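Read through the structure below, which is laid out as structure tokens, and then see the notes.
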Amino acid sequence: MTAEFPTARLRRLRQSPAWRRLARETRPQAAQLVLPLFVREDSAEPVPISSMPGVVQHSLDSLKAELNRAAAAGIGGVMLFGVPTRKDAQGSGATDPDGILNVATRVAVAEVGDALVVQTDLCLDEFTDHGHCGVLDAQGRVDNDASLERYRDMALAQAEAGSALLGLSGMMDGQTAVVRAALDGAGRSDVAILGYAAKYASAFYGPFREAVQSSLEGDRRTYQLDPANRREGAREVAFDVAEGADVVMVKPAMSYLDVLADAAASSPVPVWAYQVSGEYAMIEAAAAHGWIDRDRAVEESVVSIFRAGADAVLTYWALELAERWNR
Ligand code: PBG
């Protein structure tokens, strides 16, 4: 009779808050969070992003305030994105020392450079009038090698502005090797590279396009990965590591936890994940309708990314979570 009852009792470790606290396997810290920040050129006031409630395009003044709050919360770093007023085919603003991203980087480094790792998005899409992550050839196709030359110049401009970690998110072949060689050639072996190794052509970047006022028509499927491909994600990670990436990224996060777990198992360098704008918007929107418990959903979503193997997570909730975890 008693043999019908289980001898293994998994509920034992779940029976009280004290037990659950002790038995918890994943314990992310504020220092493992990176906050993406948008900085708008020529703006005296922060401008709300309607598809990302709670997130704004910062003015330089509101950026400073947010950076100080981030430093006080003890997060690991910030990832800066520029929202320029003028765009052109080459994305000139990206390499202009007075372009908004380079200006914002200098401001951030001066303000919190000792406390936070100040990182910059190294991609042309915020700066091109066609909205692509590279420059176009005569047929209107994204030209890989011509884009590499722009990334090389952009890397040097960002290093000069003081960025500690360049986020190579353009998905051109060979970008990590080209940027590493350019930095080393310029005597900037101190500047690190975050390779967006496995970056998928995702619908979840939708709200980001509003955040940076992207003029993209069409899509990025000739350079970002097909969401159906797992093995190819692992291959991209291996290439970025071989080309000298200091950290590799998987992006988006929640729908790509298998890719993340693969990378975490195989990568000799840290693996980070980017919980992107659409992931943020989905949870905020459902919570605004009262359909899910917002605070629990936010935490569960981020903990799941760490559980899958991320060493750090870029998330628009970085400050909120850090302040919650520090309490
Ligand atoms: C490219 C870039 C994008 C994001 C970060 N870097 C957009 C894209 O590739 O389409 C998306 C981030 C997000 O959705 O939160 N500069």
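Labeling convention for the structure tokens: chains A, B, ... as they appear, residues from 1 per chain, ligands from 1 in order of appearance.
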Nearby residues, ligand 1, 9 Å, only C-alpha atoms and all ligand atoms, as a ChimeraX atom specification: /A:36,81,121-126,131-133,167-171,196,199-209,211-212,214,216,219-220,224,251-252,274-280,314-316
DSSP strand (DSSP E) residues within region 115-281 of chain A, as a list in words: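 Filtering region 115-281 of chain A to strand (DSSP E) leaves Val117, Val118, Gln119, Thr120, Asp121, Leu122, Leu165, Leu166, Gly167, Leu168, Ala192, Ile193, Leu194, Gly195, Tyr196, Ala197, Ala198, Lys199, Val247, Val248, Met249, Val250, Lys251, Val271, Trp272, Ala273 and Tyr274 of chain A.
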Pull C-alpha atoms from the residues just selected and write them as a PDB file, in the first residue's frame.
```
ATOM      1  CA  VAL A 117      30.808  50.310 -18.783  1.00  0.00           C
ATOM      2  CA  VAL A 118      29.693  52.819 -21.409  1.00  0.00           C
ATOM      3  CA  GLN A 119      28.829  50.929 -24.605  1.00  0.00           C
ATOM      4  CA  THR A 120      27.735  52.101 -28.031  1.00  0.00           C
ATOM      5  CA  ASP A 121      25.651  50.596 -30.804  1.00  0.00           C
ATOM      6  CA  LEU A 122      27.941  50.258 -33.791  1.00  0.00           C
ATOM      7  CA  LEU A 165      32.639  48.404 -25.635  1.00  0.00           C
ATOM      8  CA  LEU A 166      31.489  48.564 -29.244  1.00  0.00           C
ATOM      9  CA  GLY A 167      28.231  46.735 -29.943  1.00  0.00           C
ATOM     10  CA  LEU A 168      28.612  45.451 -33.495  1.00  0.00           C
ATOM     11  CA  ALA A 192      36.401  45.838 -26.375  1.00  0.00           C
ATOM     12  CA  ILE A 193      34.013  44.306 -28.923  1.00  0.00           C
ATOM     13  CA  LEU A 194      30.548  42.936 -28.283  1.00  0.00           C
ATOM     14  CA  GLY A 195      29.760  40.802 -31.316  1.00  0.00           C
ATOM     15  CA  TYR A 196      26.041  40.525 -32.064  1.00  0.00           C
ATOM     16  CA  ALA A 197      26.767  37.061 -33.179  1.00  0.00           C
ATOM     17  CA  ALA A 198      23.333  35.548 -33.347  1.00  0.00           C
ATOM     18  CA  LYS A 199      21.057  38.409 -34.275  1.00  0.00           C
ATOM     19  CA  VAL A 247      31.639  39.111 -25.669  1.00  0.00           C
ATOM     20  CA  VAL A 248      28.984  37.587 -27.930  1.00  0.00           C
ATOM     21  CA  MET A 249      25.300  38.433 -28.029  1.00  0.00           C
ATOM     22  CA  VAL A 250      22.113  36.536 -28.747  1.00  0.00           C
ATOM     23  CA  LYS A 251      19.193  38.704 -29.806  1.00  0.00           C
ATOM     24  CA  VAL A 271      27.460  35.412 -23.652  1.00  0.00           C
ATOM     25  CA  TRP A 272      24.954  38.215 -23.262  1.00  0.00           C
ATOM     26  CA  ALA A 273      21.375  38.448 -24.452  1.00  0.00           C
ATOM     27  CA  TYR A 274      19.273  41.414 -25.546  1.00  0.00           C
TER      28      TYR A 274
END
```
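In terms of minimum interatomic distance to Ala108 (chain A), A:Leu37 ranks closest within A:Leu37, A:Val135, A:Met154, A:Ala72, counting only C-alpha atoms.
Interatomic distance, CA of Gln32 (chain A) to CA of Ile283 (chain A): 21.2 Å.
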Test item: residues at most 9 Å from Leu35 (chain A), only C-alpha atoms, excluding those fewer than 6 positions along its chain, as a PyMOL selection string: chain A and resi 70+75-80+313-319
Could you please take those selected residues and save C-alpha atoms as a compact mmCIF listing (two decimals), in the first residue's frame?
```
# COMPACT_ATOMS: atom_id res chain seq x y z
CA ALA A 70 21.98 53.85 -13.22
CA ILE A 75 23.94 48.16 -12.93
CA GLY A 76 26.76 46.93 -15.12
CA GLY A 77 26.59 49.38 -17.98
CA VAL A 78 24.60 51.30 -20.54
CA MET A 79 24.26 50.80 -24.29
CA LEU A 80 23.82 54.10 -26.14
CA VAL A 313 21.20 40.89 -20.09
CA LEU A 314 20.41 44.09 -21.93
CA THR A 315 16.91 45.07 -20.90
CA TYR A 316 14.83 48.23 -20.81
CA TRP A 317 13.86 47.18 -17.28
CA ALA A 318 17.47 47.19 -16.05
CA LEU A 319 17.02 50.11 -13.66
```
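Using only C-alpha atoms, the residues found no farther than 6 Å from region 38-54 of chain A, other than those of its own chain fewer than 2 positions away, are Val56, Gln57, His58, Ser59, Phe81, Gly82, Val83, Pro84, Thr85, Ile100, Pro207, Ala211 and Ala281 of chain A.
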Apply DSSP to the structure's backbone, then extract all residues of region 129-294 of chain A labelled helix (DSSP H, G or I) and return them as a PDB file with C-alpha atoms, in the first residue's frame.
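This went into selection-v3.pdb:
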```
ATOM      1  CA  ASN A 144      28.888  43.990 -47.200  1.00  0.00           C
ATOM      2  CA  ASP A 145      32.450  45.166 -47.758  1.00  0.00           C
ATOM      3  CA  ALA A 146      31.617  48.833 -48.348  1.00  0.00           C
ATOM      4  CA  SER A 147      29.690  48.683 -45.076  1.00  0.00           C
ATOM      5  CA  LEU A 148      32.764  47.262 -43.327  1.00  0.00           C
ATOM      6  CA  GLU A 149      34.695  50.370 -44.298  1.00  0.00           C
ATOM      7  CA  ARG A 150      32.003  52.500 -42.660  1.00  0.00           C
ATOM      8  CA  TYR A 151      32.048  50.297 -39.529  1.00  0.00           C
ATOM      9  CA  ARG A 152      35.810  50.678 -39.336  1.00  0.00           C
ATOM     10  CA  ASP A 153      35.533  54.469 -39.358  1.00  0.00           C
ATOM     11  CA  MET A 154      32.595  54.348 -36.958  1.00  0.00           C
ATOM     12  CA  ALA A 155      34.592  52.174 -34.559  1.00  0.00           C
ATOM     13  CA  LEU A 156      37.452  54.654 -34.525  1.00  0.00           C
ATOM     14  CA  ALA A 157      35.039  57.554 -33.931  1.00  0.00           C
ATOM     15  CA  GLN A 158      33.352  55.705 -31.060  1.00  0.00           C
ATOM     16  CA  ALA A 159      36.679  54.746 -29.504  1.00  0.00           C
ATOM     17  CA  GLU A 160      37.764  58.367 -29.764  1.00  0.00           C
ATOM     18  CA  ALA A 161      34.542  59.441 -28.042  1.00  0.00           C
ATOM     19  CA  GLN A 175      32.732  42.953 -39.095  1.00  0.00           C
ATOM     20  CA  THR A 176      34.399  41.785 -35.890  1.00  0.00           C
ATOM     21  CA  ALA A 177      37.756  41.089 -37.550  1.00  0.00           C
ATOM     22  CA  VAL A 178      37.768  44.387 -39.434  1.00  0.00           C
ATOM     23  CA  VAL A 179      36.910  46.449 -36.368  1.00  0.00           C
ATOM     24  CA  ARG A 180      39.406  44.610 -34.162  1.00  0.00           C
ATOM     25  CA  ALA A 181      42.204  45.226 -36.665  1.00  0.00           C
ATOM     26  CA  ALA A 182      41.273  48.887 -37.024  1.00  0.00           C
ATOM     27  CA  LEU A 183      41.235  49.452 -33.267  1.00  0.00           C
ATOM     28  CA  ASP A 184      44.535  47.665 -32.754  1.00  0.00           C
ATOM     29  CA  GLY A 185      46.090  49.543 -35.675  1.00  0.00           C
ATOM     30  CA  ALA A 203       9.473  41.163 -35.651  1.00  0.00           C
ATOM     31  CA  PHE A 204      10.259  41.959 -32.030  1.00  0.00           C
ATOM     32  CA  TYR A 205      12.400  44.943 -33.052  1.00  0.00           C
ATOM     33  CA  GLY A 206       9.226  46.798 -34.095  1.00  0.00           C
ATOM     34  CA  PRO A 207       9.097  49.411 -31.307  1.00  0.00           C
ATOM     35  CA  PHE A 208      12.853  50.086 -31.686  1.00  0.00           C
ATOM     36  CA  ARG A 209      12.160  51.398 -35.167  1.00  0.00           C
ATOM     37  CA  GLU A 210       9.940  54.051 -33.590  1.00  0.00           C
ATOM     38  CA  ALA A 211      12.539  54.695 -30.887  1.00  0.00           C
ATOM     39  CA  ARG A 231      22.697  25.707 -36.063  1.00  0.00           C
ATOM     40  CA  GLU A 232      23.475  28.888 -37.964  1.00  0.00           C
ATOM     41  CA  GLY A 233      23.272  30.846 -34.699  1.00  0.00           C
ATOM     42  CA  ALA A 234      25.974  28.611 -33.231  1.00  0.00           C
ATOM     43  CA  ARG A 235      28.065  29.106 -36.367  1.00  0.00           C
ATOM     44  CA  GLU A 236      27.827  32.892 -36.084  1.00  0.00           C
ATOM     45  CA  VAL A 237      28.935  32.676 -32.444  1.00  0.00           C
ATOM     46  CA  ALA A 238      31.970  30.589 -33.437  1.00  0.00           C
ATOM     47  CA  PHE A 239      32.936  33.089 -36.147  1.00  0.00           C
ATOM     48  CA  ASP A 240      32.667  36.093 -33.846  1.00  0.00           C
ATOM     49  CA  VAL A 241      34.791  34.358 -31.224  1.00  0.00           C
ATOM     50  CA  ALA A 242      37.392  33.436 -33.845  1.00  0.00           C
ATOM     51  CA  MET A 254      12.962  35.191 -25.064  1.00  0.00           C
ATOM     52  CA  SER A 255      12.197  33.505 -28.355  1.00  0.00           C
ATOM     53  CA  TYR A 256      15.827  32.381 -28.741  1.00  0.00           C
ATOM     54  CA  LEU A 257      16.605  30.720 -25.416  1.00  0.00           C
ATOM     55  CA  ASP A 258      17.711  27.562 -27.228  1.00  0.00           C
ATOM     56  CA  VAL A 259      20.257  29.546 -29.241  1.00  0.00           C
ATOM     57  CA  LEU A 260      21.360  31.218 -26.015  1.00  0.00           C
ATOM     58  CA  ALA A 261      21.746  27.901 -24.205  1.00  0.00           C
ATOM     59  CA  ASP A 262      23.828  26.564 -27.114  1.00  0.00           C
ATOM     60  CA  ALA A 263      26.075  29.627 -27.018  1.00  0.00           C
ATOM     61  CA  ALA A 264      26.435  29.454 -23.251  1.00  0.00           C
ATOM     62  CA  ALA A 265      27.537  25.831 -23.541  1.00  0.00           C
ATOM     63  CA  SER A 266      30.096  26.383 -26.289  1.00  0.00           C
ATOM     64  CA  SER A 277      11.886  46.428 -27.610  1.00  0.00           C
ATOM     65  CA  GLY A 278       9.056  44.112 -28.680  1.00  0.00           C
ATOM     66  CA  GLU A 279       9.598  41.837 -25.710  1.00  0.00           C
ATOM     67  CA  TYR A 280       9.310  44.882 -23.476  1.00  0.00           C
ATOM     68  CA  ALA A 281       6.253  46.199 -25.321  1.00  0.00           C
ATOM     69  CA  MET A 282       4.400  42.865 -25.189  1.00  0.00           C
ATOM     70  CA  ILE A 283       4.627  42.601 -21.439  1.00  0.00           C
ATOM     71  CA  GLU A 284       3.865  46.279 -20.825  1.00  0.00           C
ATOM     72  CA  ALA A 285       0.860  46.128 -23.151  1.00  0.00           C
ATOM     73  CA  ALA A 286      -0.597  42.987 -21.619  1.00  0.00           C
ATOM     74  CA  ALA A 287      -0.026  44.390 -18.132  1.00  0.00           C
ATOM     75  CA  ALA A 288      -1.704  47.683 -19.081  1.00  0.00           C
ATOM     76  CA  ARG A 294       3.360  43.092 -14.579  1.00  0.00           C
TER      77      ARG A 294
END
```
Of the listed residues A:Arg69, A:Arg9, A:Arg14, A:Arg27, that which approaches Ser304 (chain A) most closely, counting only C-alpha atoms: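 Residue with the minimum atom-to-atom distance to Ser304 (chain A): A:Arg27.
Interatomic distance, CA of Val191 (chain A) to CA of Leu33 (chain A): 19.9 Å.
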Length of the CA of Glu111 (chain A) to CA of Ala164 (chain A) vector [Å]: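 These two atoms are separated by 13.9 Å.
The smallest atom-to-atom distance between Ala110 (chain A) and any of A:Asp96, A:Gly74, A:Glu299, A:Ser163, using only C-alpha atoms, is found for A:Ser163.
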Among the residues A:Ala310, A:Ala18, A:Val302, A:Arg86, the one that comes closest to Gln213 (chain A) [using only C-alpha atoms]: A:Arg86
